[in-house]
file structure_33.txt (compact mmCIF, C-alpha atoms)
# COMPACT_ATOMS: atom_id res chain seq x y z
CA MET A 564 -219.83 6.94 85.77
CA SER A 565 -219.41 8.59 82.37
CA SER A 566 -215.93 8.95 80.90
CA LEU A 567 -216.42 12.74 80.80
CA LEU A 568 -217.26 12.86 84.52
CA ALA A 569 -214.33 10.57 85.34
CA CYS A 570 -211.94 12.79 83.41
CA GLY A 571 -213.32 15.82 85.22
CA LEU A 572 -212.80 14.25 88.62
CA LEU A 573 -209.25 13.27 87.69
CA LEU A 574 -208.53 16.83 86.58
CA VAL A 575 -209.89 18.29 89.82
CA SER A 576 -207.86 15.78 91.83
CA ALA A 577 -204.68 16.65 89.93
CA MET A 578 -205.29 20.38 90.34
CA THR A 579 -205.86 19.93 94.08
CA ALA A 580 -202.65 17.95 94.43
CA CYS A 581 -200.70 20.60 92.55
CA ALA A 582 -202.20 23.34 94.70
CA GLU A 583 -201.16 21.54 97.88
CA ALA A 584 -197.66 20.59 96.72
CA PRO A 585 -195.07 23.22 97.63
CA ALA A 586 -192.97 24.81 94.92
CA VAL A 587 -189.23 24.24 95.13
CA ASN A 588 -187.59 26.18 98.01
CA SER A 589 -190.91 27.36 99.40
CA LEU A 590 -193.55 26.50 101.99
CA THR A 591 -197.23 25.91 101.51
CA ALA A 592 -199.62 27.86 103.69
CA LYS A 593 -200.24 24.69 105.70
CA GLU A 594 -196.54 24.04 106.19
CA ALA A 595 -196.03 27.58 107.43
CA ALA A 596 -198.99 27.22 109.79
CA ASP A 597 -197.56 23.92 111.05
CA GLY A 598 -194.28 25.59 111.99
CA TRP A 599 -192.01 24.66 109.08
CA ILE A 600 -189.03 26.95 108.47
CA LEU A 601 -187.10 27.29 105.22
CA LEU A 602 -183.35 26.73 105.56
CA PHE A 603 -182.81 27.86 101.96
CA ASP A 604 -184.94 30.21 99.87
CA GLY A 605 -183.25 29.43 96.55
CA LYS A 606 -181.42 32.77 96.52
CA THR A 607 -179.24 33.20 99.59
CA MET A 608 -177.38 31.00 102.07
CA ASP A 609 -178.05 33.28 105.03
CA ALA A 610 -179.08 30.34 107.25
CA TRP A 611 -175.69 28.65 106.77
CA ARG A 612 -172.00 29.13 107.50
CA ASN A 613 -168.90 27.01 107.26
CA TYR A 614 -168.02 24.84 110.23
CA ARG A 615 -166.18 26.97 112.82
CA LYS A 616 -166.40 29.96 110.47
CA ASP A 617 -168.62 33.04 110.23
CA GLU A 618 -169.38 32.89 106.51
CA VAL A 619 -169.82 30.42 103.65
CA SER A 620 -166.76 29.66 101.52
CA ASP A 621 -166.65 30.23 97.75
CA GLY A 622 -166.79 26.47 97.19
CA TRP A 623 -170.52 26.58 97.92
CA LYS A 624 -172.61 28.56 95.44
CA VAL A 625 -176.27 29.25 94.83
CA VAL A 626 -176.76 27.80 91.34
CA ASP A 627 -180.17 27.58 89.65
CA GLY A 628 -182.01 27.60 92.95
CA THR A 629 -179.75 25.05 94.64
CA ILE A 630 -176.92 25.03 97.16
CA LYS A 631 -174.18 23.48 95.08
CA ARG A 632 -170.69 22.31 95.96
CA VAL A 633 -168.62 23.67 93.07
CA GLY A 634 -165.08 23.51 94.48
CA SER A 635 -163.10 23.04 97.65
CA ALA A 636 -165.73 24.13 100.13
CA GLY A 637 -165.60 22.60 103.60
CA ASP A 638 -168.61 21.42 105.56
CA ILE A 639 -171.40 23.90 106.25
CA VAL A 640 -173.72 24.08 109.25
CA THR A 641 -176.93 25.88 110.09
CA ARG A 642 -176.45 29.07 112.08
CA GLU A 643 -179.19 27.92 114.42
CA GLN A 644 -179.14 24.81 116.58
CA TYR A 645 -182.04 22.41 116.81
CA GLU A 646 -183.10 19.76 119.30
CA ALA A 647 -186.13 17.73 118.19
CA TYR A 648 -187.41 18.27 114.66
CA GLU A 649 -188.54 16.99 111.31
CA LEU A 650 -186.34 17.89 108.34
CA THR A 651 -186.68 17.35 104.61
CA LEU A 652 -184.40 18.14 101.71
CA ASP A 653 -183.82 17.22 98.09
CA TYR A 654 -180.35 16.27 96.92
CA LYS A 655 -178.75 15.46 93.58
CA ILE A 656 -175.40 13.67 93.68
CA SER A 657 -172.79 13.50 90.94
CA LYS A 658 -171.60 10.23 89.34
CA GLY A 659 -169.54 8.40 91.95
CA GLY A 660 -170.16 11.28 94.35
CA ASN A 661 -170.35 11.32 98.12
CA SER A 662 -171.70 13.75 100.72
CA GLY A 663 -173.66 13.58 103.95
CA LEU A 664 -176.24 15.14 106.24
CA MET A 665 -175.38 15.36 109.95
CA PHE A 666 -177.51 16.27 112.95
CA HIS A 667 -176.86 17.42 116.53
CA VAL A 668 -173.45 18.70 115.45
CA THR A 669 -171.45 20.71 117.96
CA GLU A 670 -168.20 22.51 117.23
CA GLN A 671 -166.22 20.64 119.86
CA GLY A 672 -164.72 18.21 117.36
CA ASN A 673 -162.28 18.87 114.53
CA THR A 674 -164.98 17.86 112.04
CA PRO A 675 -168.78 17.75 112.26
CA TRP A 676 -168.92 13.94 112.09
CA MET A 677 -166.91 13.65 115.29
CA THR A 678 -170.00 14.82 117.21
CA GLY A 679 -172.96 14.57 114.81
CA PRO A 680 -174.24 11.26 113.39
CA GLU A 681 -174.17 11.24 109.59
CA ILE A 682 -176.83 10.17 107.14
CA GLN A 683 -174.92 9.02 104.07
CA ILE A 684 -175.46 10.66 100.70
CA GLN A 685 -173.80 9.08 97.68
CA ASP A 686 -174.21 7.56 94.25
CA ASN A 687 -175.05 3.99 95.24
CA LYS A 688 -174.11 2.62 91.82
CA ASP A 689 -170.65 4.10 91.30
CA GLY A 690 -169.83 5.38 94.78
CA HIS A 691 -166.96 3.74 96.62
CA ASP A 692 -168.27 3.74 100.18
CA PRO A 693 -169.95 0.53 101.43
CA GLN A 694 -172.30 2.75 103.48
CA LYS A 695 -175.23 3.48 101.16
CA ALA A 696 -177.30 6.63 100.74
CA GLY A 697 -179.85 7.06 103.50
CA TRP A 698 -178.04 4.81 105.98
CA LEU A 699 -177.03 6.20 109.35
CA TYR A 700 -173.30 5.84 108.88
CA GLN A 701 -171.99 2.56 110.38
CA LEU A 702 -174.98 2.38 112.73
CA TYR A 703 -178.28 1.67 110.96
CA LYS A 704 -178.82 0.50 107.39
CA ALA A 705 -181.73 -0.24 105.08
CA ASP A 706 -182.68 -3.54 103.47
CA GLU A 707 -183.61 -1.90 100.17
CA ASP A 708 -182.40 0.86 97.89
CA ALA A 709 -185.05 3.49 97.19
CA THR A 710 -182.67 6.06 95.67
CA ASN A 711 -183.08 7.50 92.20
CA PRO A 712 -180.21 7.32 89.68
CA VAL A 713 -177.55 9.98 89.26
CA GLY A 714 -178.99 13.07 87.63
CA GLN A 715 -182.32 12.77 89.43
CA TRP A 716 -183.44 14.35 92.69
CA ASN A 717 -183.83 12.32 95.87
CA THR A 718 -185.81 13.40 98.92
CA LEU A 719 -184.55 12.70 102.44
CA ARG A 720 -186.96 13.04 105.35
CA VAL A 721 -185.58 12.80 108.86
CA VAL A 722 -187.35 12.87 112.20
CA ILE A 723 -185.13 13.46 115.24
CA SER A 724 -186.63 13.17 118.71
CA PRO A 725 -185.70 11.67 122.09
CA GLU A 726 -188.51 9.12 121.83
CA LYS A 727 -187.75 7.81 118.33
CA SER A 728 -185.87 9.00 115.27
CA GLU A 729 -186.58 7.90 111.69
CA ILE A 730 -185.00 8.19 108.24
CA TYR A 731 -186.98 8.04 104.98
CA MET A 732 -185.62 7.96 101.42
CA ASN A 733 -188.09 9.02 98.72
CA GLY A 734 -190.96 8.06 101.02
CA THR A 735 -189.53 4.65 101.97
CA LYS A 736 -188.76 4.16 105.64
CA TYR A 737 -185.15 3.08 106.04
CA CYS A 738 -184.70 2.79 109.79
CA GLU A 739 -185.66 3.98 113.23
CA PHE A 740 -183.50 4.40 116.31
CA VAL A 741 -183.37 5.94 119.77
CA LYS A 742 -180.25 7.91 120.57
CA GLY A 743 -178.74 6.83 123.86
CA SER A 744 -180.60 3.51 124.01
CA ASP A 745 -178.78 0.26 124.78
CA ASP A 746 -179.02 -0.70 121.10
CA TRP A 747 -177.63 2.68 120.04
CA ASN A 748 -174.76 2.55 122.53
CA GLU A 749 -173.79 -0.97 121.47
CA ARG A 750 -173.74 -0.03 117.78
CA VAL A 751 -171.67 3.10 118.46
CA ALA A 752 -169.19 1.10 120.55
CA ASN A 753 -168.72 -1.35 117.68
CA SER A 754 -168.20 1.39 115.09
CA LYS A 755 -165.32 3.74 114.33
CA PHE A 756 -167.11 6.30 116.49
CA GLY A 757 -166.63 4.23 119.63
CA SER A 758 -163.32 5.95 120.32
CA MET A 759 -164.86 9.42 120.02
CA PRO A 760 -166.18 10.46 123.47
CA LEU A 761 -168.36 13.30 122.11
CA PHE A 762 -169.97 11.38 119.24
CA GLY A 763 -173.75 11.31 119.38
CA LYS A 764 -173.88 12.71 122.90
CA ALA A 765 -175.39 16.14 122.21
CA THR A 766 -179.18 16.40 122.26
CA LYS A 767 -179.11 19.75 120.44
CA GLY A 768 -176.88 21.04 117.68
CA HIS A 769 -176.39 22.23 114.12
CA VAL A 770 -177.51 20.52 110.93
CA ALA A 771 -174.49 19.99 108.66
CA LEU A 772 -173.97 19.34 104.95
CA GLN A 773 -170.74 17.61 104.06
CA ASP A 774 -168.12 18.51 101.50
CA HIS A 775 -166.63 15.13 100.56
CA GLY A 776 -164.80 16.45 97.52
CA ASN A 777 -167.56 15.75 95.00
CA GLU A 778 -170.23 17.80 93.29
CA VAL A 779 -173.58 17.72 95.07
CA ALA A 780 -176.61 20.00 95.05
CA PHE A 781 -179.35 20.60 97.63
CA ARG A 782 -182.71 22.32 97.46
CA SER A 783 -185.99 22.64 99.42
CA LEU A 784 -184.27 22.37 102.79
CA LYS A 785 -186.87 22.88 105.48
CA ILE A 786 -187.20 22.08 109.17
CA ARG A 787 -190.06 21.87 111.65
CA PRO A 788 -189.04 22.04 115.32
CA ILE A 789 -190.96 19.62 117.53
CA ALA A 790 -192.07 21.05 120.85
CA LYS A 791 -191.46 19.02 123.98
call {"tool": "encode", "arguments": {"input": "structure_33.txt", "output": "structure tokens"}}
result
Amino acid sequence: MSSLLACGLLLVSAMTACAEAPAVNSLTAKEAADGWILLFDGKTMDAWRNYRKDEVSDGWKVVDGTIKRVGSAGDIVTREQYEAYELTLDYKISKGGNSGLMFHVTEQGNTPWMTGPEIQIQDNKDGHDPQKAGWLYQLYKADEDATNPVGQWNTLRVVISPEKSEIYMNGTKYCEFVKGSDDWNERVANSKFGSMPLFGKATKGHVALQDHGNEVAFRSLKIRPIAK
């Protein structure tokens, strides 16, 4: 194969990849056809509200196409509730920062994490929590660290379903679990959540983003409900 032809093929391949890759805070035509829904369009936070509130507090702002925690904010949840789904988002955490993504959150507890399991988000280098980014808090951890350093974006992909749930960090599979299984119940019982009767029980609920007192930004939040 000539070098000119090889270069041409590489260019076509790169152009095809760019055409298929979604822009930030948007869906490709295929994603839309496959049932993906944007939870943030880069301009408004209409899909969100504060936990047990009707609106979003001033501590969360839309900044440069991101949902950013800029001050005392409180946790936010999706207005809609979801059962089985695939969800992806990009996050950028501050130095030493901490946050979290929770699923199947109900508003029966004083805080979202009293009902919804939390996927940890933090700066693994300078953060103070022994639970690392991408781990299912106190329940399932990963054997490797696939996170990017502070100042760079990380992509979380989560699949939640009755049959099997999975967590991926930047394309690396971290863990899988089945809510309500014997293994799940044993791990919950041996965690701080064991004394919380509503923890992890709901099979449908809100998606939540945590205000842990540190700066964090989110973008390209999208969800694809999985039909039964």
call {"tool": "residues_around", "arguments": {"input": "structure_33.txt", "residues": "Leu761 (chain A)", "least_positions_apart": "3", "cutoff": "10 Å", "atoms": "only C-alpha atoms", "output": "list in words"}}
result
Val668, Thr669, Gln671, Gly672, Met677, Thr678, Gly679, Phe756, Gly757, Ser758, Lys764 and Ala765 of chain A
call {"tool": "write_last_selection", "arguments": {"input": "structure_33.txt", "atoms": "C-alpha atoms", "output": "compact mmCIF listing (two decimals), in the coordinates of the input"}}
result
# COMPACT_ATOMS: atom_id res chain seq x y z
CA VAL A 668 -173.45 18.70 115.45
CA THR A 669 -171.45 20.71 117.96
CA GLN A 671 -166.22 20.64 119.86
CA GLY A 672 -164.72 18.21 117.36
CA MET A 677 -166.91 13.65 115.29
CA THR A 678 -170.00 14.82 117.21
CA GLY A 679 -172.96 14.57 114.81
CA PHE A 756 -167.11 6.30 116.49
CA GLY A 757 -166.63 4.23 119.63
CA SER A 758 -163.32 5.95 120.32
CA LYS A 764 -173.88 12.71 122.90
CA ALA A 765 -175.39 16.14 122.21
call {"tool": "residues_around", "arguments": {"input": "structure_33.txt", "residues": "region 728-733 of chain A", "least_positions_apart": "2", "cutoff": "9 Å", "atoms": "all atoms listed in the file", "output": "PDB file with C-alpha atoms, in the coordinates of the input"}}
result
ATOM      1  CA  ILE A 682    -176.830  10.170 107.140  1.00  0.00           C
ATOM      2  CA  ALA A 696    -177.300   6.630 100.740  1.00  0.00           C
ATOM      3  CA  GLY A 697    -179.850   7.060 103.500  1.00  0.00           C
ATOM      4  CA  TRP A 698    -178.040   4.810 105.980  1.00  0.00           C
ATOM      5  CA  LEU A 699    -177.030   6.200 109.350  1.00  0.00           C
ATOM      6  CA  ASP A 708    -182.400   0.860  97.890  1.00  0.00           C
ATOM      7  CA  ALA A 709    -185.050   3.490  97.190  1.00  0.00           C
ATOM      8  CA  THR A 710    -182.670   6.060  95.670  1.00  0.00           C
ATOM      9  CA  ASN A 711    -183.080   7.500  92.200  1.00  0.00           C
ATOM     10  CA  ASN A 717    -183.830  12.320  95.870  1.00  0.00           C
ATOM     11  CA  THR A 718    -185.810  13.400  98.920  1.00  0.00           C
ATOM     12  CA  LEU A 719    -184.550  12.700 102.440  1.00  0.00           C
ATOM     13  CA  ARG A 720    -186.960  13.040 105.350  1.00  0.00           C
ATOM     14  CA  VAL A 721    -185.580  12.800 108.860  1.00  0.00           C
ATOM     15  CA  VAL A 722    -187.350  12.870 112.200  1.00  0.00           C
ATOM     16  CA  ILE A 723    -185.130  13.460 115.240  1.00  0.00           C
ATOM     17  CA  SER A 724    -186.630  13.170 118.710  1.00  0.00           C
ATOM     18  CA  PRO A 725    -185.700  11.670 122.090  1.00  0.00           C
ATOM     19  CA  GLU A 726    -188.510   9.120 121.830  1.00  0.00           C
ATOM     20  CA  THR A 735    -189.530   4.650 101.970  1.00  0.00           C
ATOM     21  CA  LYS A 736    -188.760   4.160 105.640  1.00  0.00           C
ATOM     22  CA  TYR A 737    -185.150   3.080 106.040  1.00  0.00           C
ATOM     23  CA  CYS A 738    -184.700   2.790 109.790  1.00  0.00           C
ATOM     24  CA  GLU A 739    -185.660   3.980 113.230  1.00  0.00           C
ATOM     25  CA  PHE A 740    -183.500   4.400 116.310  1.00  0.00           C
ATOM     26  CA  VAL A 741    -183.370   5.940 119.770  1.00  0.00           C
ATOM     27  CA  LYS A 742    -180.250   7.910 120.570  1.00  0.00           C
TER      28      LYS A 742
END
call {"tool": "residues_around", "arguments": {"input": "structure_33.txt", "residues": "Gly776 (chain A)", "least_positions_apart": "6", "cutoff": "9 Å", "atoms": "only C-alpha atoms", "output": "list in words"}}
result
Arg632, Gly634, Ser635, Ala636, Gly637, Gly660, Asn661 and Ser662 of chain A
call {"tool": "closest_residue", "arguments": {"input": "structure_33.txt", "among": "A:Thr674, A:Ala771, A:Gly659, A:Glu707", "to": "Asn687 (chain A)", "atoms": "only C-alpha atoms"}}
result
A:Gly659
call {"tool": "residues_around", "arguments": {"input": "structure_33.txt", "residues": "region 595-597 of chain A", "least_positions_apart": "2", "cutoff": "12 Å", "atoms": "only C-alpha atoms", "output": "list in words"}}
result
Pro585, Ser589, Leu590, Thr591, Ala592, Lys593, Trp599, Ile600, Leu601, Glu649, Lys785, Ile786, Arg787, Pro788, Ile789 and Ala790 of chain A
call {"tool": "write_last_selection", "arguments": {"input": "structure_33.txt", "atoms": "C-alpha atoms", "output": "CSV table (one decimal), in the frame of the given file"}}
result
chain,number,residue,atom,x,y,z
A,585,PRO,CA,-195.1,23.2,97.6
A,589,SER,CA,-190.9,27.4,99.4
A,590,LEU,CA,-193.6,26.5,102.0
A,591,THR,CA,-197.2,25.9,101.5
A,592,ALA,CA,-199.6,27.9,103.7
A,593,LYS,CA,-200.2,24.7,105.7
A,599,TRP,CA,-192.0,24.7,109.1
A,600,ILE,CA,-189.0,27.0,108.5
A,601,LEU,CA,-187.1,27.3,105.2
A,649,GLU,CA,-188.5,17.0,111.3
A,785,LYS,CA,-186.9,22.9,105.5
A,786,ILE,CA,-187.2,22.1,109.2
A,787,ARG,CA,-190.1,21.9,111.6
A,788,PRO,CA,-189.0,22.0,115.3
A,789,ILE,CA,-191.0,19.6,117.5
A,790,ALA,CA,-192.1,21.0,120.8
call {"tool": "residues_around", "arguments": {"input": "structure_33.txt", "residues": "His667 (chain A)", "least_positions_apart": "5", "cutoff": "7 Å", "atoms": "all atoms listed in the file", "output": "JSON, numbers by chain"}}
result
{"A": [679, 765, 766, 767, 768, 769, 770]}
